[in-house]
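Engineer: For reference, the file work12.cif (mmCIF, C-alpha atoms and all ligand atoms; chains and numbers go by the auth columns) is included below:
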```
data_input
loop_
_atom_site.group_PDB
_atom_site.id
_atom_site.type_symbol
_atom_site.label_atom_id
_atom_site.label_comp_id
_atom_site.label_asym_id
_atom_site.label_seq_id
_atom_site.Cartn_x
_atom_site.Cartn_y
_atom_site.Cartn_z
_atom_site.B_iso_or_equiv
_atom_site.auth_seq_id
_atom_site.auth_asym_id
ATOM 1 C CA MET A 1 -3.926 -18.880 22.240 0.00 275 N
ATOM 2 C CA VAL A 2 -0.381 -19.704 21.345 0.00 276 N
ATOM 3 C CA GLU A 3 1.036 -23.156 20.736 0.00 277 N
ATOM 4 C CA ASN A 4 4.569 -24.412 20.964 0.00 278 N
ATOM 5 C CA LEU A 5 5.384 -26.850 18.207 0.00 279 N
ATOM 6 C CA ILE A 6 8.324 -28.721 16.828 0.00 280 N
ATOM 7 C CA LEU A 7 8.285 -28.515 13.067 0.00 281 N
ATOM 8 C CA GLU A 8 10.413 -29.647 10.179 0.00 282 N
ATOM 9 C CA CYS A 9 13.072 -27.258 9.073 0.00 283 N
ATOM 10 C CA PRO A 10 11.963 -25.997 5.652 0.00 284 N
ATOM 11 C CA PHE A 11 15.534 -26.190 4.464 0.00 285 N
ATOM 12 C CA CYS A 12 16.897 -29.515 5.673 0.00 286 N
ATOM 13 C CA LYS A 13 13.674 -31.300 6.709 0.00 287 N
ATOM 14 C CA SER A 14 14.887 -32.197 10.180 0.00 288 N
ATOM 15 C CA LYS A 15 12.158 -32.104 12.746 0.00 289 N
ATOM 16 C CA VAL A 16 14.075 -29.915 15.138 0.00 290 N
ATOM 17 C CA ILE A 17 12.623 -26.443 14.832 0.00 291 N
ATOM 18 C CA MET A 18 10.987 -25.003 17.934 0.00 292 N
ATOM 19 C CA VAL A 19 8.170 -22.774 16.808 0.00 293 N
ATOM 20 C CA THR A 20 5.624 -20.645 18.572 0.00 294 N
ATOM 21 C CA PHE A 21 2.501 -20.713 16.491 0.00 295 N
ATOM 22 C CA SER A 22 -0.224 -18.102 16.855 0.00 296 N
ATOM 23 C CA PRO A 23 -3.332 -19.239 15.007 0.00 297 N
ATOM 24 C CA SER A 24 -5.541 -16.733 13.244 0.00 298 N
ATOM 25 C CA PHE A 25 -8.406 -15.414 15.298 0.00 299 N
ATOM 26 C CA PHE A 26 -11.109 -12.818 15.189 0.00 300 N
ATOM 27 C CA GLN A 27 -10.439 -9.528 16.779 0.00 301 N
ATOM 28 C CA ALA A 28 -12.973 -6.833 17.510 0.00 302 N
ATOM 29 C CA LYS A 29 -12.305 -3.320 16.411 0.00 303 N
ATOM 30 C CA VAL A 30 -14.538 -0.575 17.678 0.00 304 N
ATOM 31 C CA SER A 31 -14.856 2.534 15.613 0.00 305 N
ATOM 32 C CA ARG A 32 -16.717 5.571 16.754 0.00 306 N
ATOM 33 C CA THR A 33 -18.185 8.258 14.648 0.00 307 N
ATOM 34 C CA SER A 34 -20.111 11.204 15.958 0.00 308 N
ATOM 35 C CA SER A 35 -23.455 9.513 15.453 0.00 309 N
ATOM 36 C CA LYS A 36 -22.827 5.868 16.230 0.00 310 N
ATOM 37 C CA THR A 37 -20.442 3.239 17.480 0.00 311 N
ATOM 38 C CA SER A 38 -19.800 0.223 15.323 0.00 312 N
ATOM 39 C CA THR A 39 -17.857 -2.899 16.068 0.00 313 N
ATOM 40 C CA LYS A 40 -16.077 -4.641 13.265 0.00 314 N
ATOM 41 C CA PHE A 41 -14.447 -8.026 13.439 0.00 315 N
ATOM 42 C CA TYR A 42 -11.429 -8.865 11.442 0.00 316 N
ATOM 43 C CA LYS A 43 -9.318 -11.947 11.194 0.00 317 N
ATOM 44 C CA THR A 44 -5.690 -11.791 12.134 0.00 318 N
ATOM 45 C CA LYS A 45 -3.111 -13.755 10.210 0.00 319 N
ATOM 46 C CA GLU A 46 -1.621 -16.908 11.641 0.00 320 N
ATOM 47 C CA LYS A 47 1.959 -16.419 12.558 0.00 321 N
ATOM 48 C CA TYR A 48 5.008 -18.549 13.195 0.00 322 N
ATOM 49 C CA GLU A 49 7.790 -17.437 15.459 0.00 323 N
ATOM 50 C CA VAL A 50 11.004 -19.394 15.366 0.00 324 N
ATOM 51 C CA GLN A 51 12.956 -19.489 18.588 0.00 325 N
ATOM 52 C CA ALA A 52 16.402 -20.585 17.493 0.00 326 N
ATOM 53 C CA ASN A 53 18.611 -21.384 14.533 0.00 327 N
ATOM 54 C CA CYS A 54 18.367 -24.825 12.988 0.00 328 N
ATOM 55 C CA PRO A 55 20.887 -27.023 14.809 0.00 329 N
ATOM 56 C CA ASN A 56 21.114 -29.273 11.764 0.00 330 N
ATOM 57 C CA CYS A 57 21.721 -27.004 8.784 0.00 331 N
ATOM 58 C CA GLY A 58 22.468 -23.784 10.634 0.00 332 N
ATOM 59 C CA LYS A 59 19.817 -21.648 8.949 0.00 333 N
ATOM 60 C CA SER A 60 19.017 -18.636 11.066 0.00 334 N
ATOM 61 C CA ALA A 61 15.769 -18.405 12.999 0.00 335 N
ATOM 62 C CA LYS A 62 14.850 -15.397 10.902 0.00 336 N
ATOM 63 C CA GLU A 63 15.221 -17.269 7.616 0.00 337 N
ATOM 64 C CA ILE A 64 13.241 -20.242 8.854 0.00 338 N
ATOM 65 C CA GLU A 65 10.538 -17.995 10.195 0.00 339 N
ATOM 66 C CA LYS A 66 10.280 -16.249 6.853 0.00 340 N
ATOM 67 C CA ALA A 67 9.968 -19.588 5.095 0.00 341 N
ATOM 68 C CA PHE A 68 7.173 -20.696 7.400 0.00 342 N
ATOM 69 C CA ASN A 69 5.259 -17.470 7.120 0.00 343 N
ATOM 70 C CA GLU A 70 5.560 -17.357 3.361 0.00 344 N
ATOM 71 C CA GLY A 71 4.636 -20.984 2.899 0.00 345 N
ATOM 72 C CA VAL A 72 7.883 -22.320 1.501 0.00 346 N
ATOM 73 C CA LYS A 73 7.195 -25.566 3.325 0.00 347 N
ATOM 74 C CA ASP A 74 4.934 -26.600 0.472 0.00 348 N
ATOM 75 C CA PRO A 75 6.541 -29.946 -0.485 0.00 349 N
ATOM 76 C CA GLU A 76 5.933 -29.617 -4.222 0.00 350 N
ATOM 77 C CA LYS A 77 7.593 -26.248 -4.272 0.00 351 N
ATOM 78 C CA THR A 78 10.528 -27.562 -2.301 0.00 352 N
ATOM 79 C CA LYS A 79 10.935 -30.494 -4.675 0.00 353 N
ATOM 80 C CA LYS A 80 10.873 -28.140 -7.626 0.00 354 N
ATOM 81 C CA LYS A 81 13.490 -25.989 -6.015 0.00 355 N
ATOM 82 C CA LEU A 82 15.679 -29.011 -5.374 0.00 356 N
ATOM 83 C CA LYS A 83 15.384 -30.009 -9.014 0.00 357 N
ATOM 84 C CA GLU A 84 16.525 -26.554 -9.988 0.00 358 N
ATOM 85 C CA LEU A 85 19.471 -26.764 -7.653 0.00 359 N
ATOM 86 C CA GLU A 86 20.301 -30.146 -9.089 0.00 360 N
ATOM 87 C CA LYS A 87 20.294 -28.695 -12.566 0.00 361 N
ATOM 88 C CA LEU A 88 22.729 -26.066 -11.439 0.00 362 N
ATOM 89 C CA GLY A 89 24.952 -28.810 -10.144 0.00 363 N
ATOM 90 C CA LEU A 90 24.814 -27.707 -6.554 0.00 364 N
ATOM 91 C CA PRO A 91 25.154 -30.354 -3.902 0.00 365 N
ATOM 92 C CA THR A 92 21.885 -30.918 -2.077 0.00 366 N
ATOM 93 C CA ILE A 93 22.226 -32.389 1.363 0.00 367 N
ATOM 94 C CA ILE A 94 18.568 -33.314 1.372 0.00 368 N
ATOM 95 C CA GLU A 95 18.901 -35.481 -1.717 0.00 369 N
ATOM 96 C CA THR A 96 21.617 -37.643 -0.267 0.00 370 N
ATOM 97 C CA LYS A 97 19.633 -38.060 2.929 0.00 371 N
ATOM 98 C CA MET A 98 16.599 -39.456 1.137 0.00 372 N
HETATM 99 ZN ZN ZN B . 17.629 -27.019 8.925 0.00 401 N
#
```
Turn the structure described in the file into structure tokens.
Ligand SMILES: [Zn+2]

Structural biologist:
Amino acid sequence: MVENLILECPFCKSKVIMVTFSPSFFQAKVSRTSSKTSTKFYKTKEKYEVQANCPNCGKSAKEIEKAFNEGVKDPEKTKKKLKELEKLGLPTIIETKM
């Protein structure tokens, strides 16, 4: 089962990212040996697929997808990263927006 969602861009926080989300599910794997057949179940990983670049900040679909799949959307982590950017004196679009 696949869902189509609109999620926040992990980079600019605009809720404009079209994502196809495949939740984790159990999959059967049959293995045969000479004496018996056994069925094992294993869980697949949930997966995000980003359809297009962010229309707001211009990040590529690939970059956004990577961020989603690696869990960069964790807000604490993002805040920390922003603080680091601030320290470096880089302009942060997100800061001025909030
Ligand atoms: Zn963005």

Engineer: Check every protein, DNA and RNA residue against ligand ZN 401 (chain N), keep those with an atom at most 12 Å away (counting only C-alpha atoms and all ligand atoms), and present them as a ChimeraX atom specification.

Structural biologist: /N:281-292,324,326-335,337-339,341,347,367-368

Engineer: So what does the PyMOL selection byres (((chain N and resi 313-322) around 9) and not hetatm) actually pick up in this one, as a VMD selection string?

Structural biologist: chain N and resid 293 to 306 311 to 312 323 to 324 339 to 340 342 to 343

Engineer: For region 305-315 of chain N, I'd like the enclosing box, axis-aligned and padded by 3 Å on every side, reported as AutoDock Vina command-line options with centre and edge lengths in Å to one decimal.

Structural biologist:
```
--center_x -19.0 --center_y 1.6 --center_z 15.4 --size_x 15.0 --size_y 25.2 --size_z 10.2
```

Engineer: With N, CA and C atoms as the target, complete region 311-335 of chain N and hand it back as a PDB file, in the coordinates of the input.

Structural biologist:
```
ATOM      1  N   THR N 311     -21.604   4.077  17.196  1.00  0.00           N
ATOM      2  CA  THR N 311     -20.442   3.239  17.480  1.00  0.00           C
ATOM      3  C   THR N 311     -20.636   1.911  16.762  1.00  0.00           C
ATOM      4  N   SER N 312     -19.657   1.514  15.989  1.00  0.00           N
ATOM      5  CA  SER N 312     -19.800   0.223  15.323  1.00  0.00           C
ATOM      6  C   SER N 312     -18.614  -0.670  15.652  1.00  0.00           C
ATOM      7  N   THR N 313     -18.907  -1.928  15.781  1.00  0.00           N
ATOM      8  CA  THR N 313     -17.857  -2.899  16.068  1.00  0.00           C
ATOM      9  C   THR N 313     -17.634  -3.762  14.838  1.00  0.00           C
ATOM     10  N   LYS N 314     -16.408  -3.814  14.414  1.00  0.00           N
ATOM     11  CA  LYS N 314     -16.077  -4.641  13.265  1.00  0.00           C
ATOM     12  C   LYS N 314     -15.171  -5.762  13.739  1.00  0.00           C
ATOM     13  N   PHE N 315     -15.341  -6.920  13.122  1.00  0.00           N
ATOM     14  CA  PHE N 315     -14.447  -8.026  13.439  1.00  0.00           C
ATOM     15  C   PHE N 315     -13.542  -8.268  12.249  1.00  0.00           C
ATOM     16  N   TYR N 316     -12.317  -8.479  12.536  1.00  0.00           N
ATOM     17  CA  TYR N 316     -11.429  -8.865  11.442  1.00  0.00           C
ATOM     18  C   TYR N 316     -10.538 -10.002  11.892  1.00  0.00           C
ATOM     19  N   LYS N 317     -10.087 -10.748  10.913  1.00  0.00           N
ATOM     20  CA  LYS N 317      -9.318 -11.947  11.194  1.00  0.00           C
ATOM     21  C   LYS N 317      -7.837 -11.610  11.152  1.00  0.00           C
ATOM     22  N   THR N 318      -7.131 -12.002  12.159  1.00  0.00           N
ATOM     23  CA  THR N 318      -5.690 -11.791  12.134  1.00  0.00           C
ATOM     24  C   THR N 318      -5.039 -12.941  11.372  1.00  0.00           C
ATOM     25  N   LYS N 319      -3.838 -12.714  10.953  1.00  0.00           N
ATOM     26  CA  LYS N 319      -3.111 -13.755  10.210  1.00  0.00           C
ATOM     27  C   LYS N 319      -2.422 -14.708  11.172  1.00  0.00           C
ATOM     28  N   GLU N 320      -2.377 -15.979  10.806  1.00  0.00           N
ATOM     29  CA  GLU N 320      -1.621 -16.908  11.641  1.00  0.00           C
ATOM     30  C   GLU N 320      -0.141 -16.597  11.497  1.00  0.00           C
ATOM     31  N   LYS N 321       0.574 -16.871  12.557  1.00  0.00           N
ATOM     32  CA  LYS N 321       1.959 -16.419  12.558  1.00  0.00           C
ATOM     33  C   LYS N 321       2.870 -17.440  13.222  1.00  0.00           C
ATOM     34  N   TYR N 322       4.007 -17.653  12.619  1.00  0.00           N
ATOM     35  CA  TYR N 322       5.008 -18.549  13.195  1.00  0.00           C
ATOM     36  C   TYR N 322       6.158 -17.719  13.745  1.00  0.00           C
ATOM     37  N   GLU N 323       6.600 -18.082  14.923  1.00  0.00           N
ATOM     38  CA  GLU N 323       7.790 -17.437  15.459  1.00  0.00           C
ATOM     39  C   GLU N 323       8.818 -18.506  15.774  1.00  0.00           C
ATOM     40  N   VAL N 324       9.956 -18.387  15.170  1.00  0.00           N
ATOM     41  CA  VAL N 324      11.004 -19.394  15.366  1.00  0.00           C
ATOM     42  C   VAL N 324      11.941 -18.931  16.476  1.00  0.00           C
ATOM     43  N   GLN N 325      12.197 -19.845  17.383  1.00  0.00           N
ATOM     44  CA  GLN N 325      12.956 -19.489  18.588  1.00  0.00           C
ATOM     45  C   GLN N 325      14.468 -19.509  18.400  1.00  0.00           C
ATOM     46  N   ALA N 326      14.950 -20.445  17.596  1.00  0.00           N
ATOM     47  CA  ALA N 326      16.402 -20.585  17.493  1.00  0.00           C
ATOM     48  C   ALA N 326      16.817 -21.032  16.101  1.00  0.00           C
ATOM     49  N   ASN N 327      18.074 -20.911  15.804  1.00  0.00           N
ATOM     50  CA  ASN N 327      18.611 -21.384  14.533  1.00  0.00           C
ATOM     51  C   ASN N 327      18.450 -22.894  14.423  1.00  0.00           C
ATOM     52  N   CYS N 328      18.457 -23.387  13.197  1.00  0.00           N
ATOM     53  CA  CYS N 328      18.367 -24.825  12.988  1.00  0.00           C
ATOM     54  C   CYS N 328      19.682 -25.460  13.422  1.00  0.00           C
ATOM     55  N   PRO N 329      19.645 -26.403  14.358  1.00  0.00           N
ATOM     56  CA  PRO N 329      20.887 -27.023  14.809  1.00  0.00           C
ATOM     57  C   PRO N 329      21.468 -27.974  13.772  1.00  0.00           C
ATOM     58  N   ASN N 330      20.663 -28.326  12.776  1.00  0.00           N
ATOM     59  CA  ASN N 330      21.114 -29.273  11.764  1.00  0.00           C
ATOM     60  C   ASN N 330      21.806 -28.609  10.581  1.00  0.00           C
ATOM     61  N   CYS N 331      21.125 -27.626   9.966  1.00  0.00           N
ATOM     62  CA  CYS N 331      21.721 -27.004   8.784  1.00  0.00           C
ATOM     63  C   CYS N 331      22.213 -25.594   9.056  1.00  0.00           C
ATOM     64  N   GLY N 332      21.902 -25.069  10.256  1.00  0.00           N
ATOM     65  CA  GLY N 332      22.468 -23.784  10.634  1.00  0.00           C
ATOM     66  C   GLY N 332      21.760 -22.569  10.064  1.00  0.00           C
ATOM     67  N   LYS N 333      20.575 -22.794   9.446  1.00  0.00           N
ATOM     68  CA  LYS N 333      19.817 -21.648   8.949  1.00  0.00           C
ATOM     69  C   LYS N 333      19.380 -20.792  10.137  1.00  0.00           C
ATOM     70  N   SER N 334      19.353 -19.504   9.952  1.00  0.00           N
ATOM     71  CA  SER N 334      19.017 -18.636  11.066  1.00  0.00           C
ATOM     72  C   SER N 334      17.517 -18.681  11.349  1.00  0.00           C
ATOM     73  N   ALA N 335      17.174 -18.406  12.588  1.00  0.00           N
ATOM     74  CA  ALA N 335      15.769 -18.405  12.999  1.00  0.00           C
ATOM     75  C   ALA N 335      14.949 -17.492  12.106  1.00  0.00           C
TER      76      ALA N 335
END
```
